[in-house]
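Trainee: Contents of model_3.cif (mmCIF, C-alpha atoms):
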```cif
data_entry
loop_
_atom_site.label_atom_id
_atom_site.label_comp_id
_atom_site.auth_asym_id
_atom_site.auth_seq_id
_atom_site.Cartn_x
_atom_site.Cartn_y
_atom_site.Cartn_z
CA MET A 11 -20.99 110.71 -36.99
CA ARG A 12 -20.80 114.04 -38.78
CA GLU A 13 -23.34 114.70 -41.52
CA ALA A 14 -21.55 114.56 -44.85
CA VAL A 15 -22.05 117.52 -47.15
CA ARG A 16 -23.99 116.15 -50.08
CA SER A 17 -23.03 117.05 -53.60
CA PRO A 18 -25.67 118.52 -55.97
CA ARG A 19 -25.61 115.18 -57.75
CA GLU A 20 -26.42 113.31 -54.53
CA ARG A 21 -29.18 115.75 -53.66
CA TYR A 22 -30.68 115.35 -57.12
CA ARG A 23 -30.58 111.56 -56.73
CA GLU A 24 -32.42 111.80 -53.40
CA GLN A 25 -35.01 114.09 -55.01
CA VAL A 26 -35.70 111.63 -57.82
CA ARG A 27 -35.95 108.73 -55.37
CA ASP A 28 -38.49 110.70 -53.33
CA GLU A 29 -40.48 111.44 -56.47
CA ILE A 30 -40.49 107.74 -57.40
CA LYS A 31 -41.67 106.83 -53.89
CA ALA A 32 -44.50 109.39 -54.07
CA HIS A 33 -45.69 107.83 -57.34
CA ALA A 34 -45.36 104.37 -55.78
CA TRP A 35 -47.59 105.34 -52.81
CA THR A 36 -50.21 106.62 -55.25
CA GLN A 37 -50.07 103.29 -57.06
CA VAL A 38 -50.30 101.30 -53.81
CA ALA A 39 -53.48 103.23 -52.97
CA SER A 40 -55.03 103.09 -56.44
CA THR A 41 -54.04 99.67 -57.79
CA GLY A 42 -52.58 97.81 -54.82
CA ALA A 43 -49.02 96.97 -53.77
CA SER A 44 -49.02 93.62 -55.57
CA ALA A 45 -49.73 95.40 -58.88
CA LEU A 46 -46.92 97.96 -58.36
CA SER A 47 -45.26 98.64 -61.73
CA LEU A 48 -41.89 100.36 -62.03
CA ASN A 49 -42.44 100.80 -65.75
CA ALA A 50 -45.73 102.61 -65.12
CA ILE A 51 -43.94 104.96 -62.71
CA ALA A 52 -41.18 105.63 -65.25
CA LYS A 53 -43.83 106.50 -67.85
CA GLN A 54 -45.59 108.90 -65.44
CA MET A 55 -42.27 110.61 -64.70
CA GLY A 56 -41.31 110.83 -68.36
CA ILE A 57 -38.15 108.76 -67.94
CA SER A 58 -37.19 105.40 -69.42
CA GLY A 59 -37.59 102.13 -67.54
CA PRO A 60 -33.82 101.48 -67.42
CA ALA A 61 -33.29 105.03 -66.08
CA LEU A 62 -35.67 104.32 -63.21
CA TYR A 63 -33.93 101.06 -62.42
CA ARG A 64 -30.80 103.08 -61.62
CA TYR A 65 -32.72 104.39 -58.55
CA PHE A 66 -34.39 101.15 -57.44
CA ARG A 67 -33.03 97.81 -58.58
CA ASN A 68 -36.44 96.15 -58.66
CA ARG A 69 -39.98 96.16 -57.35
CA ASP A 70 -38.99 94.59 -54.02
CA ASP A 71 -36.37 97.29 -53.39
CA LEU A 72 -39.01 99.94 -53.90
CA ILE A 73 -41.56 98.19 -51.68
CA THR A 74 -38.88 97.89 -48.97
CA GLU A 75 -38.36 101.66 -49.08
CA LEU A 76 -42.10 102.20 -48.63
CA VAL A 77 -42.41 99.58 -45.87
CA LEU A 78 -39.42 100.92 -43.90
CA GLY A 79 -40.63 104.50 -44.36
CA ALA A 80 -44.06 103.56 -43.02
CA TYR A 81 -42.64 101.63 -40.06
CA ARG A 82 -40.23 104.47 -39.16
CA ASP A 83 -43.02 107.02 -39.34
CA LEU A 84 -45.31 104.88 -37.17
CA SER A 85 -42.51 104.27 -34.67
CA ASP A 86 -41.76 108.02 -34.46
CA THR A 87 -45.48 108.72 -34.07
CA CYS A 88 -45.88 106.23 -31.22
CA ARG A 89 -42.71 107.40 -29.43
CA ALA A 90 -43.74 111.04 -29.66
CA ALA A 91 -47.21 110.23 -28.31
CA ALA A 92 -45.76 108.33 -25.34
CA ALA A 93 -43.11 110.98 -24.62
CA ALA A 94 -45.76 113.71 -24.34
CA GLU A 95 -47.46 112.01 -21.36
CA HIS A 96 -46.28 111.18 -17.86
CA THR A 97 -48.34 108.25 -16.54
CA PRO A 98 -48.30 104.81 -18.19
CA ALA A 99 -52.10 104.90 -18.70
CA ALA A 100 -51.94 108.32 -20.37
CA GLN A 101 -49.00 107.17 -22.50
CA LEU A 102 -50.80 104.03 -23.70
CA THR A 103 -53.99 105.94 -24.44
CA ALA A 104 -51.98 108.51 -26.39
CA VAL A 105 -50.17 105.79 -28.35
CA ALA A 106 -53.49 104.11 -29.17
CA ASP A 107 -55.04 107.38 -30.33
CA ALA A 108 -51.97 108.23 -32.40
CA LEU A 109 -52.00 104.77 -34.00
CA ARG A 110 -55.65 105.08 -35.04
CA ARG A 111 -55.16 108.61 -36.42
CA TRP A 112 -52.09 107.40 -38.31
CA ALA A 113 -54.04 104.49 -39.82
CA LEU A 114 -57.10 106.56 -40.77
CA ALA A 115 -54.95 109.30 -42.33
CA ALA A 116 -53.57 106.84 -44.91
CA PRO A 117 -55.25 103.40 -44.81
CA HIS A 118 -53.09 102.06 -47.67
CA ARG A 119 -49.97 102.88 -45.63
CA TYR A 120 -51.32 101.05 -42.55
CA LEU A 121 -52.41 98.12 -44.71
CA LEU A 122 -49.08 97.91 -46.54
CA ILE A 123 -47.45 96.89 -43.27
CA TYR A 124 -50.34 95.25 -41.38
CA GLY A 125 -52.70 94.09 -44.17
CA THR A 126 -52.45 91.36 -46.79
CA PRO A 127 -48.78 90.54 -47.46
CA VAL A 128 -47.57 91.25 -50.99
CA PRO A 129 -47.14 87.77 -52.53
CA GLY A 130 -43.50 86.97 -53.18
CA TYR A 131 -42.24 89.90 -51.12
CA ALA A 132 -40.45 89.48 -47.79
CA ALA A 133 -39.72 92.53 -45.61
CA PRO A 134 -36.07 92.89 -44.49
CA PRO A 135 -34.91 92.26 -40.88
CA GLU A 136 -34.81 96.04 -40.38
CA ALA A 137 -38.64 96.06 -40.50
CA THR A 138 -38.77 93.49 -37.71
CA ALA A 139 -36.35 95.60 -35.67
CA ILE A 140 -38.56 98.69 -36.00
CA ALA A 141 -41.67 96.64 -35.11
CA ALA A 142 -39.84 95.43 -32.00
CA SER A 143 -38.97 99.02 -31.08
CA ILE A 144 -42.68 99.94 -31.26
CA MET A 145 -43.45 96.95 -29.04
CA SER A 146 -40.84 98.16 -26.54
CA VAL A 147 -42.80 101.41 -26.10
CA LEU A 148 -45.80 99.29 -25.04
CA LEU A 149 -43.70 97.00 -22.83
CA ASP A 150 -42.13 99.98 -21.01
CA ALA A 151 -45.53 101.46 -20.25
CA PHE A 152 -47.15 98.19 -19.15
CA ALA A 153 -44.15 97.32 -16.95
CA LYS A 154 -44.43 100.73 -15.29
CA ALA A 155 -48.23 100.47 -14.97
CA GLY A 156 -48.33 97.13 -13.12
CA ALA A 157 -51.53 95.08 -12.99
CA PRO A 158 -54.87 96.93 -12.89
CA ALA A 159 -56.79 96.59 -9.61
CA ALA A 160 -59.41 94.40 -11.32
CA HIS A 161 -56.69 91.84 -12.15
CA ALA A 162 -54.96 91.75 -8.77
CA ARG A 163 -56.25 88.38 -7.61
CA ARG A 164 -56.48 86.64 -10.98
CA PRO A 165 -54.47 83.44 -11.33
CA ALA A 166 -51.92 83.32 -14.18
CA THR A 167 -53.46 82.10 -17.42
CA ASP A 168 -51.99 79.41 -19.69
CA LEU A 169 -50.80 82.22 -21.94
CA GLN A 170 -48.96 83.98 -19.10
CA ARG A 171 -47.26 80.75 -18.03
CA HIS A 172 -46.22 80.23 -21.66
CA LEU A 173 -44.92 83.78 -22.05
CA ALA A 174 -42.81 83.42 -18.90
CA THR A 175 -40.56 81.08 -20.90
CA HIS A 176 -41.27 82.41 -24.43
CA ARG A 177 -40.24 86.02 -24.13
CA GLN A 178 -37.34 86.32 -26.57
CA TRP A 179 -39.51 88.59 -28.75
CA ALA A 180 -39.47 91.14 -25.90
CA GLY A 181 -35.64 91.25 -25.89
CA ASP A 182 -34.28 91.53 -22.35
CA HIS A 183 -37.26 93.53 -21.17
CA SER A 184 -38.08 93.22 -17.48
CA ALA A 185 -41.88 93.18 -17.96
CA SER A 186 -43.71 90.44 -16.03
CA PRO A 187 -45.54 87.67 -17.93
CA ALA A 188 -48.78 89.59 -17.25
CA GLY A 189 -47.16 92.70 -18.74
CA LEU A 190 -46.00 90.75 -21.80
CA ARG A 191 -49.54 89.46 -22.25
CA ARG A 192 -51.04 92.92 -21.94
CA ALA A 193 -48.59 94.42 -24.45
CA LEU A 194 -49.39 91.65 -26.94
CA THR A 195 -53.17 91.96 -26.53
CA PHE A 196 -52.95 95.77 -26.68
CA TRP A 197 -51.38 95.35 -30.12
CA THR A 198 -53.73 92.64 -31.43
CA ARG A 199 -56.93 94.25 -30.08
CA LEU A 200 -56.16 97.70 -31.46
CA HIS A 201 -55.16 96.15 -34.78
CA GLY A 202 -58.39 94.11 -34.74
CA VAL A 203 -60.53 97.25 -34.58
CA VAL A 204 -58.48 99.60 -36.71
CA SER A 205 -57.76 97.13 -39.52
CA LEU A 206 -61.46 96.29 -39.90
CA GLU A 207 -62.25 100.01 -39.77
CA VAL A 208 -59.77 101.06 -42.47
CA ALA A 209 -60.80 98.08 -44.64
CA GLY A 210 -64.40 99.38 -44.53
CA HIS A 211 -66.01 96.51 -42.60
CA PHE A 212 -67.84 98.87 -40.21
CA THR A 213 -69.25 100.96 -43.06
CA GLY A 214 -73.03 100.78 -42.93
CA MET A 215 -73.02 99.17 -39.47
CA ASN A 216 -73.87 102.58 -38.05
CA PHE A 217 -71.94 102.58 -34.81
CA ASP A 218 -69.00 104.76 -33.84
CA PRO A 219 -65.73 102.78 -34.17
CA ALA A 220 -63.99 105.39 -31.98
CA LEU A 221 -66.06 104.18 -29.01
CA LEU A 222 -65.30 100.52 -29.71
CA TYR A 223 -61.61 101.44 -29.96
CA ALA A 224 -61.68 103.42 -26.70
CA ALA A 225 -63.47 100.52 -24.97
CA GLU A 226 -60.73 98.14 -26.13
CA VAL A 227 -58.02 100.47 -24.80
CA ASP A 228 -59.89 100.66 -21.51
CA ALA A 229 -60.31 96.88 -21.37
CA VAL A 230 -56.54 96.31 -21.52
CA LEU A 231 -55.72 99.21 -19.17
CA ASN A 232 -58.38 98.63 -16.53
CA GLY A 233 -59.69 95.14 -17.15
CA THR A 234 -63.18 96.42 -18.03
CA MET B 9 -88.62 75.07 -55.45
CA ARG B 10 -87.78 71.94 -57.41
CA GLU B 11 -84.24 71.56 -58.65
CA ALA B 12 -84.26 72.08 -62.40
CA VAL B 13 -82.65 69.33 -64.45
CA ARG B 14 -79.56 70.92 -65.97
CA SER B 15 -78.72 70.36 -69.57
CA PRO B 16 -75.26 69.05 -70.54
CA ARG B 17 -74.53 72.54 -71.84
CA GLU B 18 -75.37 74.09 -68.48
CA ARG B 19 -73.29 71.53 -66.64
CA TYR B 20 -70.35 72.23 -68.94
CA ARG B 21 -70.71 75.94 -68.31
CA GLU B 22 -70.64 75.38 -64.53
CA GLN B 23 -67.55 73.20 -64.92
CA VAL B 24 -65.66 75.86 -66.87
CA ARG B 25 -66.66 78.55 -64.35
CA ASP B 26 -65.33 76.36 -61.52
CA GLU B 27 -62.09 75.83 -63.41
CA ILE B 28 -61.72 79.59 -63.92
CA LYS B 29 -62.33 80.19 -60.21
CA ALA B 30 -59.71 77.60 -59.25
CA HIS B 31 -57.16 79.40 -61.44
CA ALA B 32 -58.25 82.72 -59.94
CA TRP B 33 -57.65 81.47 -56.36
CA THR B 34 -54.17 80.34 -57.39
CA GLN B 35 -53.51 83.82 -58.77
CA VAL B 36 -54.86 85.51 -55.63
CA ALA B 37 -52.41 83.46 -53.57
CA SER B 38 -49.43 83.85 -55.89
CA THR B 39 -49.74 87.39 -57.26
CA GLY B 40 -52.46 89.05 -55.16
CA ALA B 41 -56.10 89.86 -55.85
CA SER B 42 -55.35 93.34 -57.16
CA ALA B 43 -53.14 91.83 -59.89
CA LEU B 44 -55.80 89.29 -60.96
CA SER B 45 -55.67 88.93 -64.76
CA LEU B 46 -58.47 87.29 -66.74
CA ASN B 47 -56.25 87.16 -69.80
CA ALA B 48 -53.59 85.24 -67.86
CA ILE B 49 -56.25 82.74 -66.75
CA ALA B 50 -57.48 82.33 -70.35
CA LYS B 51 -53.92 81.63 -71.45
CA GLN B 52 -53.44 79.01 -68.72
CA MET B 53 -56.68 77.31 -69.76
CA GLY B 54 -55.83 77.42 -73.44
CA ILE B 55 -58.86 79.49 -74.38
CA SER B 56 -59.08 82.99 -75.86
CA GLY B 57 -59.67 86.08 -73.75
CA PRO B 58 -63.07 86.79 -75.36
CA ALA B 59 -64.11 83.15 -74.71
CA LEU B 60 -63.34 83.58 -71.01
CA TYR B 61 -65.32 86.82 -70.86
CA ARG B 62 -68.43 84.79 -71.77
CA TYR B 63 -68.13 83.20 -68.30
CA PHE B 64 -67.23 86.28 -66.27
CA ARG B 65 -67.97 89.73 -67.63
CA ASN B 66 -64.96 91.34 -65.98
CA ARG B 67 -62.45 91.15 -63.16
CA ASP B 68 -64.91 92.45 -60.57
CA ASP B 69 -67.47 89.76 -61.46
CA LEU B 70 -64.84 87.10 -60.90
CA ILE B 71 -63.66 88.63 -57.60
CA THR B 72 -67.29 88.76 -56.45
CA GLU B 73 -67.63 85.01 -57.09
CA LEU B 74 -64.52 84.37 -54.99
CA VAL B 75 -65.60 86.75 -52.21
CA LEU B 76 -69.12 85.31 -51.98
CA GLY B 77 -67.79 81.75 -52.13
CA ALA B 78 -65.37 82.50 -49.26
CA TYR B 79 -68.07 84.22 -47.16
CA ARG B 80 -70.56 81.36 -47.72
CA ASP B 81 -67.96 78.78 -46.79
CA LEU B 82 -66.99 80.69 -43.63
CA SER B 83 -70.65 81.14 -42.69
CA ASP B 84 -71.34 77.40 -43.15
CA THR B 85 -68.21 76.59 -41.14
CA CYS B 86 -69.25 78.84 -38.23
CA ARG B 87 -72.86 77.59 -38.23
CA ALA B 88 -71.78 73.95 -38.26
CA ALA B 89 -69.35 74.58 -35.38
CA ALA B 90 -72.05 76.27 -33.29
CA ALA B 91 -74.68 73.62 -34.11
CA ALA B 92 -72.43 70.82 -32.85
CA GLU B 93 -72.36 72.25 -29.30
CA HIS B 94 -75.04 72.82 -26.68
CA THR B 95 -73.88 75.57 -24.32
CA PRO B 96 -73.20 79.14 -25.51
CA ALA B 97 -69.62 79.01 -24.18
CA ALA B 98 -68.92 75.75 -26.02
CA GLN B 99 -70.52 77.13 -29.18
CA LEU B 100 -68.44 80.32 -29.13
CA THR B 101 -65.22 78.40 -28.43
CA ALA B 102 -66.06 76.04 -31.32
CA VAL B 103 -66.79 78.97 -33.66
CA ALA B 104 -63.51 80.63 -32.69
CA ASP B 105 -61.53 77.43 -33.25
CA ALA B 106 -63.26 76.83 -36.59
CA LEU B 107 -62.55 80.41 -37.69
CA ARG B 108 -58.83 80.11 -36.93
CA ARG B 109 -58.55 76.72 -38.65
CA TRP B 110 -60.40 78.13 -41.67
CA ALA B 111 -58.04 81.11 -41.84
CA LEU B 112 -54.85 79.06 -41.41
CA ALA B 113 -55.97 76.51 -44.02
CA ALA B 114 -56.02 79.20 -46.73
CA PRO B 115 -54.65 82.59 -45.58
CA HIS B 116 -55.25 84.19 -49.00
CA ARG B 117 -58.96 83.29 -48.73
CA TYR B 118 -59.22 84.83 -45.23
CA LEU B 119 -57.31 87.90 -46.37
CA LEU B 120 -59.41 88.32 -49.53
CA ILE B 121 -62.40 89.10 -47.33
CA TYR B 122 -60.76 90.53 -44.19
CA GLY B 123 -57.41 91.86 -45.45
CA THR B 124 -56.45 94.80 -47.63
CA PRO B 125 -59.41 95.75 -49.86
CA VAL B 126 -58.82 95.36 -53.61
CA PRO B 127 -58.54 98.98 -54.89
CA GLY B 128 -61.47 99.89 -57.09
CA TYR B 129 -63.48 96.84 -56.11
CA ALA B 130 -66.64 97.00 -53.99
CA ALA B 131 -68.25 93.82 -52.65
CA PRO B 132 -71.98 93.43 -53.41
CA PRO B 133 -74.71 93.78 -50.73
CA GLU B 134 -74.96 89.97 -50.64
CA ALA B 135 -71.52 89.88 -48.98
CA THR B 136 -72.76 92.23 -46.24
CA ALA B 137 -75.80 89.99 -45.74
CA ILE B 138 -73.64 86.88 -45.26
CA ALA B 139 -71.33 88.80 -42.87
CA ALA B 140 -74.44 89.79 -40.88
CA SER B 141 -75.57 86.15 -40.76
CA ILE B 142 -72.18 85.18 -39.27
CA MET B 143 -72.60 87.96 -36.70
CA SER B 144 -76.06 86.60 -35.81
CA VAL B 145 -74.47 83.28 -34.77
CA LEU B 146 -72.35 85.25 -32.27
CA LEU B 147 -75.28 87.39 -31.12
CA ASP B 148 -77.46 84.31 -30.50
CA ALA B 149 -74.77 82.70 -28.35
CA PHE B 150 -73.93 85.84 -26.37
CA ALA B 151 -77.62 86.59 -25.76
CA LYS B 152 -78.09 83.05 -24.43
CA ALA B 153 -74.89 83.21 -22.36
CA GLY B 154 -75.72 86.36 -20.41
CA ALA B 155 -72.99 88.35 -18.67
CA PRO B 156 -70.05 86.44 -17.15
CA ALA B 157 -69.89 86.48 -13.34
CA ALA B 158 -66.81 88.74 -13.43
CA HIS B 159 -68.88 91.41 -15.24
CA ALA B 160 -71.99 91.28 -13.07
CA ARG B 161 -71.45 94.51 -11.18
CA ARG B 162 -69.70 96.49 -13.90
CA PRO B 163 -71.37 99.75 -14.87
CA ALA B 164 -72.32 100.14 -18.53
CA THR B 165 -69.48 101.59 -20.58
CA ASP B 166 -69.78 104.50 -23.03
CA LEU B 167 -69.72 101.90 -25.80
CA GLN B 168 -72.63 99.96 -24.32
CA ARG B 169 -74.72 103.12 -23.91
CA HIS B 170 -73.93 103.96 -27.54
CA LEU B 171 -74.82 100.48 -28.80
CA ALA B 172 -78.18 100.62 -26.99
CA THR B 173 -79.27 103.16 -29.61
CA HIS B 174 -76.97 102.10 -32.48
CA ARG B 175 -77.93 98.49 -33.00
CA GLN B 176 -79.33 98.45 -36.54
CA TRP B 177 -76.35 96.33 -37.61
CA ALA B 178 -77.68 93.56 -35.34
CA GLY B 179 -81.06 93.54 -37.12
CA ASP B 180 -83.91 93.02 -34.69
CA HIS B 181 -81.80 90.86 -32.41
CA SER B 182 -82.82 90.87 -28.75
CA ALA B 183 -79.24 90.85 -27.38
CA SER B 184 -78.57 93.38 -24.60
CA PRO B 185 -76.11 96.26 -25.19
CA ALA B 186 -73.54 94.21 -23.22
CA GLY B 187 -74.23 91.27 -25.55
CA LEU B 188 -73.84 93.50 -28.62
CA ARG B 189 -70.53 94.74 -27.26
CA ARG B 190 -69.27 91.22 -26.56
CA ALA B 191 -70.24 89.99 -30.04
CA LEU B 192 -68.42 92.94 -31.64
CA THR B 193 -65.28 92.52 -29.52
CA PHE B 194 -65.33 88.75 -30.07
CA TRP B 195 -65.10 89.48 -33.79
CA THR B 196 -62.48 92.23 -33.63
CA ARG B 197 -60.24 90.45 -31.07
CA LEU B 198 -60.21 87.14 -32.94
CA HIS B 199 -59.55 89.00 -36.19
CA GLY B 200 -56.78 90.94 -34.48
CA VAL B 201 -54.89 87.77 -33.59
CA VAL B 202 -55.67 85.63 -36.62
CA SER B 203 -55.04 88.35 -39.22
CA LEU B 204 -51.60 89.14 -37.75
CA GLU B 205 -50.89 85.41 -37.57
CA VAL B 206 -51.80 84.63 -41.20
CA ALA B 207 -49.94 87.75 -42.38
CA GLY B 208 -46.78 86.38 -40.70
CA HIS B 209 -46.32 89.05 -38.01
CA PHE B 210 -45.77 86.46 -35.25
CA THR B 211 -43.15 84.58 -37.27
CA GLY B 212 -39.88 84.68 -35.37
CA MET B 213 -41.53 85.99 -32.19
CA ASN B 214 -41.36 82.45 -30.83
CA PHE B 215 -44.59 82.24 -28.87
CA ASP B 216 -47.62 80.04 -29.58
CA PRO B 217 -50.38 82.11 -31.23
CA ALA B 218 -52.90 79.36 -30.34
CA LEU B 219 -52.49 80.27 -26.66
CA LEU B 220 -52.91 84.00 -27.33
CA TYR B 221 -56.02 83.21 -29.36
CA ALA B 222 -57.45 80.95 -26.63
CA ALA B 223 -56.74 83.66 -24.04
CA GLU B 224 -58.67 86.18 -26.14
CA VAL B 225 -61.65 83.81 -26.44
CA ASP B 226 -61.53 83.31 -22.67
CA ALA B 227 -61.29 87.06 -22.05
CA VAL B 228 -64.56 87.71 -23.89
CA LEU B 229 -66.33 84.66 -22.45
CA ASN B 230 -65.22 84.96 -18.83
CA GLY B 231 -63.84 88.46 -18.49
CA THR B 232 -60.33 87.16 -17.72
#
```
What would you get if you wrote out this structure as structure tokens?

Mentor:
Amino acid sequence: MREAVRSPRERYREQVRDEIKAHAWTQVASTGASALSLNAIAKQMGISGPALYRYFRNRDDLITELVLGAYRDLSDTCRAAAAAEHTPAAQLTAVADALRRWALAAPHRYLLIYGTPVPGYAAPPEATAIAASIMSVLLDAFAKAGAPAAHARRPATDLQRHLATHRQWAGDHSASPAGLRRALTFWTRLHGVVSLEVAGHFTGMNFDPALLYAAEVDAVLNGT
Amino acid sequence: MREAVRSPRERYREQVRDEIKAHAWTQVASTGASALSLNAIAKQMGISGPALYRYFRNRDDLITELVLGAYRDLSDTCRAAAAAEHTPAAQLTAVADALRRWALAAPHRYLLIYGTPVPGYAAPPEATAIAASIMSVLLDAFAKAGAPAAHARRPATDLQRHLATHRQWAGDHSASPAGLRRALTFWTRLHGVVSLEVAGHFTGMNFDPALLYAAEVDAVLNGT
């Protein structure tokens, strides 16, 4: 598909949309996504409410732009981290590190997609598709890695038996049930640490969350 | 301390405060905590804004009541679950099950304390104290349980060495560094699963989150 030459008018429209999104991110951070106000943004930009609605039809449209932007950025970040390494263990460690850096750099962005849902807002199917593409990075690496030595003689758990027949979420991926389980727990364990960290729950506990995070990565990779 | 006899006026005041809190919970669920509006609640109750402000000085006061109420209820729930069992493993499994049921029963209540922080709002030290008391239930059980057989010959991890000298968050608890680590990961792993579940991230993935949750409990208890 050739890139269409965009008219000055189209470029201007894109510029205004970007400016609206920048204001929206500031609002998400300072007042929360559920209090997002298109009228407040219009006021800040010195345009009328109806003028702004020519760029985004409503609040949900604007939130969708932010959500998809965040998901795409996270997906690119994870893919780039994995592509820079050559062994599955190095790839997964790099993805984990990139995910935590990404979350800490802008907690409100991480929390917009993984924190409290915005009441009344439902993300579009495209968001689910990007989330699945992030999961496929993990599935590829775990399939390539095989089971860690510490797991070699472990019997299949109830979860693994269940995943053997409930694997539609992984598409047609060839990962074993143990691989599916490890990809899922990699996601939930890293989210467990990083979401509590960005929400401030470790503040004042006086331990280094980076070490807890690294231990969780190691636990999934090596069964420690 | 004897219970003071409360005057009709005091009882009425308590009743109105409870009614305000009930409206506030409905708002948290339907519009989000960051969009909580005392004026909207006054309107729903048919009283004036200034009249409502005689019960709660401001939005943050009201959020604090909700946050502390949620924390106290969760703490009572976890303590009751642990008290009903006799072995550490049974106690921890019961606490985990009670936590998930508590979260699923009212996701907005779980997410008010463990989800996206309300911008501009800071929970009072009392919330931290209740959170620490929940952690002490876990620490007691893990200290009593000792290391699972699968962990017996594992060398201490970087995290455990770190926790040996960064344990102020556990008060003067006698748990070993391995016990501290297991209590922390018990918390973060269960939160990892249950927070993604209540936020709807597993919807459409077509696997049973209860089995993933049970596998995570088992992983911390038995090193599986």

Trainee: To one decimal place, how far is CA of Arg175 in chain B from CA of Ala220 in chain A in Å?

Mentor: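 About the pair CA of Arg175 in chain B and CA of Ala220 in chain A: they are 15.6 Å apart.
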
Trainee: Skip range 76-83 of chain A itself and residues of its chain fewer than 5 positions away, then list as an MDAnalysis selection string all residues within 10 Å of it, counting only C-alpha atoms.

Mentor: chainID A and resid 31:32 34:35 38 70:71 88:89 112 119:120 122:123 133:134 136:141 143:144

Trainee: Name the residues that the PyMOL selection byres ((chain A and resi 154) around 10) pulls out of this structure, and write them as a VMD selection string.

Mentor: chain A and resid 97 to 99 148 to 153 155 to 157 185 189

Trainee: Check the smallest atom-to-atom distance from each of A:Gln25, A:Ser184, A:Gln101, A:Gln37 to chain B using only C-alpha atoms, then report the winner.

Mentor: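 For chain B, the nearest of the candidates is A:Gln37.
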
Trainee: Could you list, as a PyMOL selection string, every residue matched by the PyMOL selection byres ((chain A and resi 126) around 12) in this structure?

Mentor: (chain A and resi 42-44+118-125+127-131+205+209) or (chain B and resi 36-37+39-42+115-126+203-209)

Trainee: For Arg197 in chain B, work out the shell of residues within 6 Å, counting only C-alpha atoms and skipping chain neighbours fewer than 4 positions away, then give it as a PyMOL selection string.

Mentor: (chain A and resi 199+202) or (chain B and resi 193)

Trainee: Taking only C-alpha atoms into account, name the residue in B:Ile55, B:Leu167, B:Val225, B:Ala102 that is nearest to chain A.

Mentor: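 Smallest separation from chain A among the options: B:Leu167.
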
Trainee: With distances taken over only C-alpha atoms, which of B:Thr165, B:Thr101, B:Asn47, B:Ser144 is nearest to chain A?

Mentor: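 Residue with the minimum atom-to-atom distance to chain A: B:Thr165.
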
Trainee: In Å to one decimal, how far is CA of Trp195 in chain B from CA of Gln168 in chain B?

Mentor: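 Taking CA of Gln168 in chain B as the start and CA of Trp195 in chain B as the end point, the length is 16.0 Å.
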
Trainee: Which one is closest to chain A: B:Ala172, B:Ala59, B:Ala104, B:Ala223? Count all atoms listed in the file.

Mentor: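 Of B:Ala172, B:Ala59, B:Ala104, B:Ala223, the one nearest chain A, counting all atoms listed in the file, is B:Ala223.
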
Trainee: How many Å lie between CA of Ala106 in chain B and CA of Ala91 in chain B, rounded to one decimal?

Mentor: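 Computing the Euclidean distance for CA of Ala106 in chain B and CA of Ala91 in chain B yields 12.1 Å.
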
Trainee: Name the closest residue to chain B among the candidates A:Leu221, A:Leu190, A:Ala91, A:Leu231; distances are taken between atoms, counting all atoms listed in the file.

Mentor: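 Of A:Leu221, A:Leu190, A:Ala91, A:Leu231, the one nearest chain B is A:Leu221, counting all atoms listed in the file.
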